[in-house]
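Trainee: Here it is, the structure in full.
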Amino acid sequence: MSATATLPQAASLEETRRFMHEILKGIVPDVEIETKVELAYAINKRKREMNAVILGHNYMEPALYHSVTDYVGDSLQLSSIAAKTDADIIVFCGVWFMGETAKVLNPAKTVLVPSMQAGCSLAEGISGEDIRQLKMRFPGAVVVTYVNTYAAAKAESDYCCTSGNADKVLGKLIEQGCKRILFLPDAYLAANTAVQMGIPFLDSESDDPAFAAVPDDQPLVIGWHAKCEVHELFTPEDVDNIRRQYPDAVILAHPECPPEVIAKVDVSGSTKTMVDYVRDVDAPQYALLTECAMGDNLAAEFPHRRMVRACTLRCKHMNYITLEETLAGLEKLQYKVELEPELIERARKPIERMIAIR
Ligand code: 13P
Ligand code: SF4
């Protein structure tokens, strides 16, 4: 979970240059590395002076990911680091909802996200009011909300989950006897998790008579219509094409992909699951159906592993986080995540309930 980079905290400019060329060779062109060395050096210097910690999501571009982060990981891993850090300032190199989660878990800290534009189609796909309406339509249903949501949506929820523990959270609720579970807002994560666990799944907008056909004493997962604008674009044909061209590759996909894609791949899991798999499981080659910076980050971290280097889809939100914006964030103390204390209190409960289940 700690940064893959072992660049010493007080590395000189020359040491930074050597380190970046070494770890990024064959992944990032030398000319690009040269444009980023001084920025990385300046960020690390500022970070020490300000007692800041930089958390980098697995989707950060390789030069940033490998030069300035103190910790890297998926949204759940980074949230738990944010909850415990002693640093005065948390710079979240990820998207806005991740910064909000850090603030909710550690409200005394200054939390910065280096770009105001780093949104997320899932987080923007549901509001607190949407959830209040759903609760009225499905009285008594337990609300499980994906961590890719804003605090206002979390505040209306009973439990949070991530793509790494959705099955555990759902399993626990079933064990407790819950029969109606609103799993929001990602239609595909909800469907994929329900299918994997053999629980019927229906869209909340559906007028399918199947709704009435599921007896009240049988569990039912009810979904919403938001989707990840990146992962929804992968198709079953993409899987077929990769298999044809790289027959010995293990294909891994994020569960935000459509169910028809998940049905065809070898492994489905969070970005952490993918990192762990590539590190721990020997395979001739690995192909990742997810934001493509991740494949480059793993290729740099595990040079003995062969990654299918196909950069087809990028998350524009994650890509707003650059070294330039990160330096500006530290220099200008921007952009601060500010949440009302009452909202923090309400949003924290479902996250804590999720953590208690792990
Ligand atoms: P992870 O929690 O798997 O890192 O995913 C976050 C995300 O935004 C995926 O698109
Ligand atoms: Fe949101 Fe999708 Fe981007 Fe992840 S990849 S931050 S889910 S838009």
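Each chain of the structure tokens is named A, B, ... in the order shown, its residues numbered from 1; ligands are numbered from 1 in display order.
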Give me the residues of chain A that have any atom at most 8 Å from an atom of ligand 2; for each, the nearest atom pair and the distance in Å, rounded to one decimal. Use only C-alpha atoms and all ligand atoms, sort by chain and number, and format it as JSON lines.

Mentor:
```
{"residue": "A:Gly94", "atom": "CA", "partner": "ligand 2", "partner_atom_place_in_ligand_line": "6 (S)", "distance": 7.8}
{"residue": "A:Val95", "atom": "CA", "partner": "ligand 2", "partner_atom_place_in_ligand_line": "6 (S)", "distance": 6.0}
{"residue": "A:Ala118", "atom": "CA", "partner": "ligand 2", "partner_atom_place_in_ligand_line": "6 (S)", "distance": 7.9}
{"residue": "A:Gly119", "atom": "CA", "partner": "ligand 2", "partner_atom_place_in_ligand_line": "6 (S)", "distance": 6.9}
{"residue": "A:Cys120", "atom": "CA", "partner": "ligand 2", "partner_atom_place_in_ligand_line": "1 (Fe)", "distance": 3.7}
{"residue": "A:Ser121", "atom": "CA", "partner": "ligand 2", "partner_atom_place_in_ligand_line": "8 (S)", "distance": 4.8}
{"residue": "A:Leu122", "atom": "CA", "partner": "ligand 2", "partner_atom_place_in_ligand_line": "1 (Fe)", "distance": 5.6}
{"residue": "A:Ala123", "atom": "CA", "partner": "ligand 2", "partner_atom_place_in_ligand_line": "1 (Fe)", "distance": 7.0}
{"residue": "A:Asn148", "atom": "CA", "partner": "ligand 2", "partner_atom_place_in_ligand_line": "7 (S)", "distance": 6.5}
{"residue": "A:Lys227", "atom": "CA", "partner": "ligand 2", "partner_atom_place_in_ligand_line": "7 (S)", "distance": 7.7}
{"residue": "A:Cys228", "atom": "CA", "partner": "ligand 2", "partner_atom_place_in_ligand_line": "2 (Fe)", "distance": 4.1}
{"residue": "A:Glu229", "atom": "CA", "partner": "ligand 2", "partner_atom_place_in_ligand_line": "8 (S)", "distance": 5.2}
{"residue": "A:Val230", "atom": "CA", "partner": "ligand 2", "partner_atom_place_in_ligand_line": "2 (Fe)", "distance": 5.1}
{"residue": "A:His231", "atom": "CA", "partner": "ligand 2", "partner_atom_place_in_ligand_line": "2 (Fe)", "distance": 6.3}
{"residue": "A:Glu256", "atom": "CA", "partner": "ligand 2", "partner_atom_place_in_ligand_line": "7 (S)", "distance": 7.3}
{"residue": "A:Thr290", "atom": "CA", "partner": "ligand 2", "partner_atom_place_in_ligand_line": "5 (S)", "distance": 7.5}
{"residue": "A:Glu291", "atom": "CA", "partner": "ligand 2", "partner_atom_place_in_ligand_line": "5 (S)", "distance": 6.1}
{"residue": "A:Arg314", "atom": "CA", "partner": "ligand 2", "partner_atom_place_in_ligand_line": "5 (S)", "distance": 7.6}
{"residue": "A:Cys315", "atom": "CA", "partner": "ligand 2", "partner_atom_place_in_ligand_line": "3 (Fe)", "distance": 4.6}
{"residue": "A:Lys316", "atom": "CA", "partner": "ligand 2", "partner_atom_place_in_ligand_line": "3 (Fe)", "distance": 6.9}
{"residue": "A:His317", "atom": "CA", "partner": "ligand 2", "partner_atom_place_in_ligand_line": "3 (Fe)", "distance": 5.7}
{"residue": "A:Met318", "atom": "CA", "partner": "ligand 2", "partner_atom_place_in_ligand_line": "3 (Fe)", "distance": 6.1}
```

Trainee: Could the residues of chain A that have an atom at most 7 Å from ligand 1 be listed as a Markdown table, each with its closest atom pair and the distance in Å to one decimal, counting only C-alpha atoms and all ligand atoms and ordered by chain and ascending residue number?

Mentor:
```
| residue | atom | partner | partner_atom_place_in_ligand_line | distance |
| --- | --- | --- | --- | --- |
| A:His57 | CA | ligand 1 | 4 (O) | 6.7 |
| A:Asn58 | CA | ligand 1 | 4 (O) | 6.5 |
| A:Gly73 | CA | ligand 1 | 4 (O) | 6.8 |
| A:Asp74 | CA | ligand 1 | 4 (O) | 3.4 |
| A:Ser75 | CA | ligand 1 | 2 (O) | 4.2 |
| A:Leu76 | CA | ligand 1 | 2 (O) | 6.0 |
| A:Asn148 | CA | ligand 1 | 8 (O) | 6.6 |
| A:Thr162 | CA | ligand 1 | 2 (O) | 5.7 |
| A:Ser163 | CA | ligand 1 | 3 (O) | 5.4 |
| A:Gly164 | CA | ligand 1 | 3 (O) | 6.4 |
| A:Cys228 | CA | ligand 1 | 10 (O) | 6.7 |
| A:His254 | CA | ligand 1 | 3 (O) | 7.0 |
| A:Glu256 | CA | ligand 1 | 10 (O) | 6.8 |
| A:Ser270 | CA | ligand 1 | 3 (O) | 3.5 |
| A:Thr271 | CA | ligand 1 | 3 (O) | 4.0 |
| A:Lys272 | CA | ligand 1 | 3 (O) | 6.2 |
```

Trainee: Suppose we keep all heavy atoms; can you now write the selection as an mmCIF file, in the first residue's frame?

Mentor:
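Listing of again.cif after writing:
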```cif
data_model
loop_
_atom_site.group_PDB
_atom_site.id
_atom_site.type_symbol
_atom_site.label_atom_id
_atom_site.label_comp_id
_atom_site.auth_asym_id
_atom_site.auth_seq_id
_atom_site.Cartn_x
_atom_site.Cartn_y
_atom_site.Cartn_z
ATOM 1 N N HIS A 57 -4.186 7.737 -6.286
ATOM 2 C CA HIS A 57 -5.012 6.617 -6.737
ATOM 3 C C HIS A 57 -4.270 5.853 -7.840
ATOM 4 O O HIS A 57 -3.448 6.418 -8.570
ATOM 5 C CB HIS A 57 -6.384 7.119 -7.243
ATOM 6 C CG HIS A 57 -7.306 5.979 -7.556
ATOM 7 N ND1 HIS A 57 -7.454 5.483 -8.827
ATOM 8 C CD2 HIS A 57 -8.079 5.207 -6.741
ATOM 9 C CE1 HIS A 57 -8.307 4.458 -8.792
ATOM 10 N NE2 HIS A 57 -8.699 4.276 -7.529
ATOM 11 N N ASN A 58 -4.607 4.567 -7.956
ATOM 12 C CA ASN A 58 -3.958 3.701 -8.955
ATOM 13 C C ASN A 58 -4.082 4.230 -10.383
ATOM 14 O O ASN A 58 -3.362 3.773 -11.269
ATOM 15 C CB ASN A 58 -4.565 2.296 -8.892
ATOM 16 C CG ASN A 58 -4.163 1.555 -7.630
ATOM 17 O OD1 ASN A 58 -3.053 1.714 -7.147
ATOM 18 N ND2 ASN A 58 -5.070 0.739 -7.084
ATOM 19 N N GLY A 73 -2.894 3.379 -4.039
ATOM 20 C CA GLY A 73 -3.830 2.285 -3.778
ATOM 21 C C GLY A 73 -5.191 2.560 -4.374
ATOM 22 O O GLY A 73 -5.359 3.497 -5.164
ATOM 23 N N ASP A 74 -6.164 1.736 -3.971
ATOM 24 C CA ASP A 74 -7.534 1.956 -4.446
ATOM 25 C C ASP A 74 -8.241 2.905 -3.465
ATOM 26 O O ASP A 74 -7.648 3.351 -2.475
ATOM 27 C CB ASP A 74 -8.288 0.628 -4.645
ATOM 28 C CG ASP A 74 -8.644 -0.093 -3.350
ATOM 29 O OD1 ASP A 74 -8.307 0.403 -2.248
ATOM 30 O OD2 ASP A 74 -9.269 -1.163 -3.438
ATOM 31 N N SER A 75 -9.500 3.203 -3.754
ATOM 32 C CA SER A 75 -10.148 4.240 -2.947
ATOM 33 C C SER A 75 -10.274 3.813 -1.484
ATOM 34 O O SER A 75 -10.142 4.640 -0.583
ATOM 35 C CB SER A 75 -11.498 4.631 -3.541
ATOM 36 O OG SER A 75 -12.196 3.503 -3.943
ATOM 37 N N LEU A 76 -10.486 2.531 -1.240
ATOM 38 C CA LEU A 76 -10.638 2.075 0.144
ATOM 39 C C LEU A 76 -9.304 2.156 0.896
ATOM 40 O O LEU A 76 -9.241 2.658 2.023
ATOM 41 C CB LEU A 76 -11.169 0.632 0.153
ATOM 42 C CG LEU A 76 -11.373 0.018 1.531
ATOM 43 C CD1 LEU A 76 -12.389 0.813 2.337
ATOM 44 C CD2 LEU A 76 -11.852 -1.426 1.419
ATOM 45 N N ASN A 148 -17.997 5.685 -4.509
ATOM 46 C CA ASN A 148 -17.927 6.691 -5.581
ATOM 47 C C ASN A 148 -19.176 7.561 -5.577
ATOM 48 O O ASN A 148 -19.954 7.599 -6.534
ATOM 49 C CB ASN A 148 -17.814 6.014 -6.957
ATOM 50 C CG ASN A 148 -16.497 5.305 -7.165
ATOM 51 O OD1 ASN A 148 -15.948 4.730 -6.242
ATOM 52 N ND2 ASN A 148 -15.987 5.329 -8.391
ATOM 53 N N THR A 162 -17.153 -0.568 -1.407
ATOM 54 C CA THR A 162 -16.268 -0.246 -2.535
ATOM 55 C C THR A 162 -16.346 -1.428 -3.492
ATOM 56 O O THR A 162 -16.975 -2.452 -3.166
ATOM 57 C CB THR A 162 -14.799 -0.072 -2.083
ATOM 58 O OG1 THR A 162 -14.287 -1.360 -1.743
ATOM 59 C CG2 THR A 162 -14.676 0.858 -0.898
ATOM 60 N N SER A 163 -15.677 -1.310 -4.618
ATOM 61 C CA SER A 163 -15.696 -2.448 -5.539
ATOM 62 C C SER A 163 -14.919 -3.617 -4.935
ATOM 63 O O SER A 163 -15.068 -4.741 -5.366
ATOM 64 C CB SER A 163 -15.110 -2.048 -6.887
ATOM 65 O OG SER A 163 -13.821 -1.514 -6.701
ATOM 66 N N GLY A 164 -14.104 -3.318 -3.919
ATOM 67 C CA GLY A 164 -13.310 -4.373 -3.295
ATOM 68 C C GLY A 164 -14.072 -5.144 -2.212
ATOM 69 O O GLY A 164 -13.658 -6.236 -1.829
ATOM 70 N N CYS A 228 -20.228 4.298 -14.816
ATOM 71 C CA CYS A 228 -18.909 4.914 -14.992
ATOM 72 C C CYS A 228 -18.726 5.185 -16.476
ATOM 73 O O CYS A 228 -18.801 4.259 -17.291
ATOM 74 C CB CYS A 228 -17.820 3.979 -14.479
ATOM 75 S SG CYS A 228 -16.210 4.467 -15.127
ATOM 76 N N HIS A 254 -12.555 -4.289 -14.280
ATOM 77 C CA HIS A 254 -13.162 -3.654 -13.105
ATOM 78 C C HIS A 254 -14.666 -3.940 -13.120
ATOM 79 O O HIS A 254 -15.290 -3.903 -14.198
ATOM 80 C CB HIS A 254 -12.902 -2.139 -13.151
ATOM 81 C CG HIS A 254 -13.084 -1.484 -11.822
ATOM 82 N ND1 HIS A 254 -14.335 -1.172 -11.318
ATOM 83 C CD2 HIS A 254 -12.196 -1.115 -10.871
ATOM 84 C CE1 HIS A 254 -14.192 -0.627 -10.117
ATOM 85 N NE2 HIS A 254 -12.901 -0.575 -9.818
ATOM 86 N N GLU A 256 -17.090 -2.212 -12.637
ATOM 87 C CA GLU A 256 -17.932 -1.139 -13.198
ATOM 88 C C GLU A 256 -18.191 -1.389 -14.681
ATOM 89 O O GLU A 256 -18.912 -0.626 -15.330
ATOM 90 C CB GLU A 256 -17.242 0.219 -13.021
ATOM 91 C CG GLU A 256 -17.174 0.682 -11.575
ATOM 92 C CD GLU A 256 -16.237 1.859 -11.367
ATOM 93 O OE1 GLU A 256 -15.708 2.399 -12.352
ATOM 94 O OE2 GLU A 256 -16.014 2.238 -10.199
ATOM 95 N N SER A 270 -11.589 -4.903 -7.944
ATOM 96 C CA SER A 270 -11.187 -3.506 -7.755
ATOM 97 C C SER A 270 -9.769 -3.300 -8.284
ATOM 98 O O SER A 270 -9.067 -4.265 -8.603
ATOM 99 C CB SER A 270 -11.197 -3.180 -6.267
ATOM 100 O OG SER A 270 -10.140 -3.896 -5.633
ATOM 101 N N THR A 271 -9.347 -2.066 -8.308
ATOM 102 C CA THR A 271 -7.983 -1.812 -8.791
ATOM 103 C C THR A 271 -6.966 -2.500 -7.871
ATOM 104 O O THR A 271 -5.939 -2.986 -8.335
ATOM 105 C CB THR A 271 -7.699 -0.296 -8.900
ATOM 106 O OG1 THR A 271 -7.887 0.330 -7.639
ATOM 107 C CG2 THR A 271 -8.595 0.348 -9.934
ATOM 108 N N LYS A 272 -7.258 -2.599 -6.589
ATOM 109 C CA LYS A 272 -6.336 -3.318 -5.684
ATOM 110 C C LYS A 272 -6.265 -4.802 -6.060
ATOM 111 O O LYS A 272 -5.182 -5.397 -6.067
ATOM 112 C CB LYS A 272 -6.806 -3.171 -4.227
ATOM 113 C CG LYS A 272 -5.953 -3.968 -3.254
ATOM 114 C CD LYS A 272 -6.506 -3.921 -1.840
ATOM 115 C CE LYS A 272 -5.621 -4.646 -0.834
ATOM 116 N NZ LYS A 272 -5.413 -6.051 -1.123
#
```

Trainee: Give me, as an MDAnalysis selection string, all polymer residues having an atom no more than 8 Å from Ile181 (chain A), counting only C-alpha atoms and skipping those fewer than 6 positions away in the same chain.

Mentor: chainID A and resid 141:144 219:222

Trainee: When DSSP works through the backbone of this structure, what residues of region 166-255 of chain A end up as strand (DSSP E), shown as a list in words?

Mentor: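 Answer for region 166-255 of chain A, restricted to strand (DSSP E): Arg180, Ile181, Leu182, Phe183, Leu184, Phe201, Leu202, Asp203, Leu220, Val221, Ile222, Gly223, Ala249, Val250, Ile251, Leu252 and Ala253 of chain A.
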
Trainee: Could those residues be written to a file, using N, CA, C and O atoms, as a PDB file, in the first residue's frame?

Mentor:
```
ATOM      1  N   ARG A 180     -34.728  -6.419   0.967  1.00  0.00           N
ATOM      2  CA  ARG A 180     -34.717  -5.413  -0.113  1.00  0.00           C
ATOM      3  C   ARG A 180     -33.511  -4.508   0.103  1.00  0.00           C
ATOM      4  O   ARG A 180     -33.410  -3.816   1.111  1.00  0.00           O
ATOM      5  N   ILE A 181     -32.598  -4.545  -0.887  1.00  0.00           N
ATOM      6  CA  ILE A 181     -31.365  -3.773  -0.743  1.00  0.00           C
ATOM      7  C   ILE A 181     -31.233  -2.828  -1.944  1.00  0.00           C
ATOM      8  O   ILE A 181     -31.154  -3.279  -3.095  1.00  0.00           O
ATOM      9  N   LEU A 182     -31.255  -1.549  -1.655  1.00  0.00           N
ATOM     10  CA  LEU A 182     -31.014  -0.548  -2.706  1.00  0.00           C
ATOM     11  C   LEU A 182     -29.505  -0.414  -2.844  1.00  0.00           C
ATOM     12  O   LEU A 182     -28.827   0.005  -1.899  1.00  0.00           O
ATOM     13  N   PHE A 183     -28.964  -0.800  -3.982  1.00  0.00           N
ATOM     14  CA  PHE A 183     -27.515  -0.793  -4.194  1.00  0.00           C
ATOM     15  C   PHE A 183     -27.243   0.302  -5.221  1.00  0.00           C
ATOM     16  O   PHE A 183     -27.525   0.145  -6.406  1.00  0.00           O
ATOM     17  N   LEU A 184     -26.661   1.434  -4.762  1.00  0.00           N
ATOM     18  CA  LEU A 184     -26.622   2.661  -5.564  1.00  0.00           C
ATOM     19  C   LEU A 184     -25.186   3.158  -5.718  1.00  0.00           C
ATOM     20  O   LEU A 184     -24.364   2.905  -4.839  1.00  0.00           O
ATOM     21  N   PHE A 201     -31.614  -9.276  -9.325  1.00  0.00           N
ATOM     22  CA  PHE A 201     -31.303  -7.853  -9.438  1.00  0.00           C
ATOM     23  C   PHE A 201     -32.310  -7.202 -10.374  1.00  0.00           C
ATOM     24  O   PHE A 201     -32.602  -7.730 -11.443  1.00  0.00           O
ATOM     25  N   LEU A 202     -32.840  -6.044  -9.989  1.00  0.00           N
ATOM     26  CA  LEU A 202     -33.715  -5.295 -10.889  1.00  0.00           C
ATOM     27  C   LEU A 202     -33.414  -3.807 -10.780  1.00  0.00           C
ATOM     28  O   LEU A 202     -33.014  -3.316  -9.716  1.00  0.00           O
ATOM     29  N   ASP A 203     -33.621  -3.107 -11.883  1.00  0.00           N
ATOM     30  CA  ASP A 203     -33.430  -1.660 -11.890  1.00  0.00           C
ATOM     31  C   ASP A 203     -34.625  -1.007 -11.183  1.00  0.00           C
ATOM     32  O   ASP A 203     -35.769  -1.439 -11.370  1.00  0.00           O
ATOM     33  N   LEU A 220     -33.735  -9.255  -2.750  1.00  0.00           N
ATOM     34  CA  LEU A 220     -33.720  -8.615  -4.068  1.00  0.00           C
ATOM     35  C   LEU A 220     -32.810  -7.392  -4.006  1.00  0.00           C
ATOM     36  O   LEU A 220     -32.928  -6.577  -3.083  1.00  0.00           O
ATOM     37  N   VAL A 221     -31.906  -7.280  -4.964  1.00  0.00           N
ATOM     38  CA  VAL A 221     -31.044  -6.093  -5.064  1.00  0.00           C
ATOM     39  C   VAL A 221     -31.680  -5.149  -6.076  1.00  0.00           C
ATOM     40  O   VAL A 221     -31.999  -5.558  -7.201  1.00  0.00           O
ATOM     41  N   ILE A 222     -31.870  -3.897  -5.665  1.00  0.00           N
ATOM     42  CA  ILE A 222     -32.528  -2.914  -6.538  1.00  0.00           C
ATOM     43  C   ILE A 222     -31.489  -1.848  -6.908  1.00  0.00           C
ATOM     44  O   ILE A 222     -30.857  -1.256  -6.022  1.00  0.00           O
ATOM     45  N   GLY A 223     -31.324  -1.629  -8.211  1.00  0.00           N
ATOM     46  CA  GLY A 223     -30.242  -0.745  -8.668  1.00  0.00           C
ATOM     47  C   GLY A 223     -30.730   0.614  -9.143  1.00  0.00           C
ATOM     48  O   GLY A 223     -31.930   0.890  -9.216  1.00  0.00           O
ATOM     49  N   ALA A 249      -2.962 -14.292 -22.522  1.00  0.00           N
ATOM     50  CA  ALA A 249      -3.117 -13.226 -21.496  1.00  0.00           C
ATOM     51  C   ALA A 249      -4.287 -13.524 -20.560  1.00  0.00           C
ATOM     52  O   ALA A 249      -5.346 -13.984 -20.996  1.00  0.00           O
ATOM     53  N   VAL A 250      -4.073 -13.256 -19.263  1.00  0.00           N
ATOM     54  CA  VAL A 250      -5.191 -13.270 -18.313  1.00  0.00           C
ATOM     55  C   VAL A 250      -5.865 -11.907 -18.443  1.00  0.00           C
ATOM     56  O   VAL A 250      -5.187 -10.871 -18.409  1.00  0.00           O
ATOM     57  N   ILE A 251      -7.176 -11.901 -18.592  1.00  0.00           N
ATOM     58  CA  ILE A 251      -7.891 -10.615 -18.763  1.00  0.00           C
ATOM     59  C   ILE A 251      -8.605 -10.266 -17.453  1.00  0.00           C
ATOM     60  O   ILE A 251      -9.399 -11.063 -16.927  1.00  0.00           O
ATOM     61  N   LEU A 252      -8.277  -9.079 -16.944  1.00  0.00           N
ATOM     62  CA  LEU A 252      -8.876  -8.612 -15.683  1.00  0.00           C
ATOM     63  C   LEU A 252      -9.727  -7.379 -15.977  1.00  0.00           C
ATOM     64  O   LEU A 252      -9.307  -6.509 -16.760  1.00  0.00           O
ATOM     65  N   ALA A 253     -10.893  -7.290 -15.345  1.00  0.00           N
ATOM     66  CA  ALA A 253     -11.760  -6.125 -15.594  1.00  0.00           C
ATOM     67  C   ALA A 253     -12.327  -5.592 -14.283  1.00  0.00           C
ATOM     68  O   ALA A 253     -12.552  -6.348 -13.331  1.00  0.00           O
TER      69      ALA A 253
END
```

Trainee: Just the residues within 12 Å of region 38-42 of chain A, please, counting only C-alpha atoms, with nothing from its chain fewer than 2 positions along; format it as number ranges by chain.

Mentor: A: 7-20, 32-36, 44-49, 54, 63-69, 322-328, 330-331

Trainee: May I have the residues within 12 Å of Lys264 (chain A) as an NGL selection string, using only C-alpha atoms and disregarding those fewer than 5 positions away in the same chain?

Mentor: :A and (234-243 or 250-253 or 257-259 or 289)

Trainee: DSSP on the backbone: which residues in region 16-60 of chain A end up as alpha helix (DSSP H)? Give the answer as a compact mmCIF listing (two decimals) with N, CA, C and O atoms, in the first residue's frame.

Mentor:
```txt
# COMPACT_ATOMS: atom_id res chain seq x y z
N THR A 16 16.40 12.63 -7.98
CA THR A 16 15.03 12.53 -8.50
C THR A 16 15.06 12.16 -9.98
O THR A 16 14.33 11.28 -10.44
N ARG A 17 15.94 12.84 -10.72
CA ARG A 17 16.06 12.58 -12.16
C ARG A 17 16.45 11.12 -12.42
O ARG A 17 15.82 10.43 -13.21
N ARG A 18 17.49 10.67 -11.70
CA ARG A 18 17.97 9.29 -11.91
C ARG A 18 16.87 8.29 -11.58
O ARG A 18 16.63 7.35 -12.32
N PHE A 19 16.18 8.53 -10.46
CA PHE A 19 15.13 7.61 -10.02
C PHE A 19 14.01 7.53 -11.05
O PHE A 19 13.55 6.45 -11.43
N MET A 20 13.58 8.69 -11.53
CA MET A 20 12.44 8.69 -12.47
C MET A 20 12.82 8.02 -13.78
O MET A 20 12.04 7.25 -14.35
N HIS A 21 14.04 8.26 -14.26
CA HIS A 21 14.45 7.60 -15.50
C HIS A 21 14.53 6.09 -15.31
O HIS A 21 14.15 5.32 -16.19
N GLU A 22 14.99 5.68 -14.14
CA GLU A 22 15.16 4.25 -13.89
C GLU A 22 13.79 3.55 -13.84
O GLU A 22 13.55 2.58 -14.55
N ILE A 23 12.88 4.08 -13.03
CA ILE A 23 11.60 3.36 -12.84
C ILE A 23 10.68 3.49 -14.07
O ILE A 23 9.90 2.58 -14.36
N LEU A 24 10.81 4.60 -14.79
CA LEU A 24 9.87 4.83 -15.90
C LEU A 24 10.44 4.44 -17.27
O LEU A 24 9.78 4.67 -18.29
N ASP A 30 11.79 9.50 -22.52
CA ASP A 30 12.77 10.31 -21.77
C ASP A 30 12.42 11.80 -21.82
O ASP A 30 12.55 12.51 -20.83
N VAL A 31 11.99 12.26 -22.99
CA VAL A 31 11.72 13.68 -23.14
C VAL A 31 10.59 14.12 -22.21
O VAL A 31 10.61 15.21 -21.64
N GLU A 32 9.62 13.24 -22.01
CA GLU A 32 8.52 13.57 -21.08
C GLU A 32 9.02 13.54 -19.64
O GLU A 32 8.68 14.42 -18.83
N ILE A 33 9.85 12.57 -19.33
CA ILE A 33 10.38 12.50 -17.96
C ILE A 33 11.12 13.79 -17.64
O ILE A 33 10.94 14.40 -16.57
N GLU A 34 11.92 14.26 -18.61
CA GLU A 34 12.71 15.49 -18.38
C GLU A 34 11.82 16.69 -18.07
O GLU A 34 12.18 17.54 -17.28
N THR A 35 10.63 16.73 -18.67
CA THR A 35 9.74 17.87 -18.40
C THR A 35 9.13 17.78 -17.00
O THR A 35 8.55 18.74 -16.50
N LYS A 36 9.24 16.59 -16.37
CA LYS A 36 8.54 16.38 -15.09
C LYS A 36 9.46 16.29 -13.88
O LYS A 36 8.99 16.35 -12.75
N VAL A 37 10.77 16.15 -14.12
CA VAL A 37 11.70 15.95 -13.01
C VAL A 37 11.66 17.14 -12.05
O VAL A 37 11.55 16.97 -10.83
N GLU A 38 11.78 18.34 -12.59
CA GLU A 38 11.85 19.52 -11.71
C GLU A 38 10.55 19.71 -10.94
O GLU A 38 10.55 20.12 -9.78
N LEU A 39 9.44 19.42 -11.61
CA LEU A 39 8.15 19.52 -10.93
C LEU A 39 8.07 18.54 -9.76
O LEU A 39 7.65 18.90 -8.65
N ALA A 40 8.48 17.31 -10.02
CA ALA A 40 8.43 16.29 -8.96
C ALA A 40 9.32 16.71 -7.79
O ALA A 40 8.93 16.60 -6.62
N TYR A 41 10.51 17.21 -8.12
CA TYR A 41 11.45 17.64 -7.08
C TYR A 41 10.81 18.77 -6.25
O TYR A 41 10.83 18.76 -5.02
N ALA A 42 10.22 19.75 -6.92
CA ALA A 42 9.62 20.89 -6.22
C ALA A 42 8.45 20.44 -5.35
O ALA A 42 8.27 20.92 -4.22
N ILE A 43 7.67 19.49 -5.84
CA ILE A 43 6.52 19.00 -5.04
C ILE A 43 7.03 18.30 -3.78
O ILE A 43 6.54 18.54 -2.67
N ASN A 44 8.03 17.45 -3.94
CA ASN A 44 8.52 16.70 -2.77
C ASN A 44 9.12 17.64 -1.72
O ASN A 44 8.99 17.42 -0.52
N LYS A 45 9.78 18.70 -2.20
CA LYS A 45 10.38 19.67 -1.27
C LYS A 45 9.27 20.40 -0.49
O LYS A 45 9.29 20.48 0.72
N ARG A 46 8.28 20.88 -1.22
CA ARG A 46 7.14 21.58 -0.60
C ARG A 46 6.42 20.69 0.41
O ARG A 46 6.02 21.11 1.48
N LYS A 47 6.24 19.45 -0.03
CA LYS A 47 5.51 18.49 0.80
C LYS A 47 6.19 18.33 2.16
O LYS A 47 5.54 18.35 3.20
N ARG A 48 7.52 18.22 2.15
CA ARG A 48 8.25 18.08 3.42
C ARG A 48 8.09 19.34 4.27
O ARG A 48 7.81 19.28 5.45
N GLU A 49 8.25 20.50 3.61
CA GLU A 49 8.17 21.77 4.35
C GLU A 49 6.80 21.96 5.00
O GLU A 49 6.68 22.57 6.05
N MET A 50 5.76 21.45 4.34
CA MET A 50 4.40 21.70 4.81
C MET A 50 3.83 20.56 5.65
O MET A 50 2.67 20.59 6.03
```

Trainee: What is the distance, in Å and to one decimal place, between CA of Val308 (chain A) and CA of Ser268 (chain A)?

Mentor: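 Going from CA of Val308 (chain A) over to CA of Ser268 (chain A), I get 16.8 Å.
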
Trainee: Quick one: of A:Leu189, A:Met294, A:Val113, A:Val281, who's nearest to Gly99 (chain A), counting only C-alpha atoms?

Mentor: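 Among A:Leu189, A:Met294, A:Val113, A:Val281, it is A:Val113 that comes nearest to Gly99 (chain A).
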
Trainee: Using only C-alpha atoms, which residues sit within 9 Å of Gly329 (chain A) once same-chain residues fewer than 4 positions away are excluded, as JSON, numbers by chain?

Mentor: {"A": [91, 112, 113, 114, 115, 324, 325, 333, 334, 335, 336]}

Trainee: So that I can check the surroundings of Thr85 (chain A), please list as a list in words every protein, DNA and RNA residue that reaches within 12 Å of it, counting only C-alpha atoms and ignoring chain neighbours fewer than 6 positions away.

Mentor: Asn51, Ala52, Val53, Ile54, Leu55, Asp70, Tyr71, Leu78, Ser79, Val91, Ala102, Lys103, Leu105, Asn106, Pro107, Ala108, Lys109, Thr110 and Val111 of chain A

Trainee: In Å to one decimal, how far is CA of Lys179 (chain A) from CA of Ser127 (chain A)?

Mentor: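 Answer for the CA of Ser127 (chain A) to CA of Lys179 (chain A) separation: 23.9 Å.
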
Trainee: Which of these residues is nearest to Leu298 (chain A), using only C-alpha atoms: A:Tyr159, A:Phe92, A:Tyr286, A:Phe211?

Mentor: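 The shortest atom-to-atom distance to Leu298 (chain A) comes from A:Tyr286.
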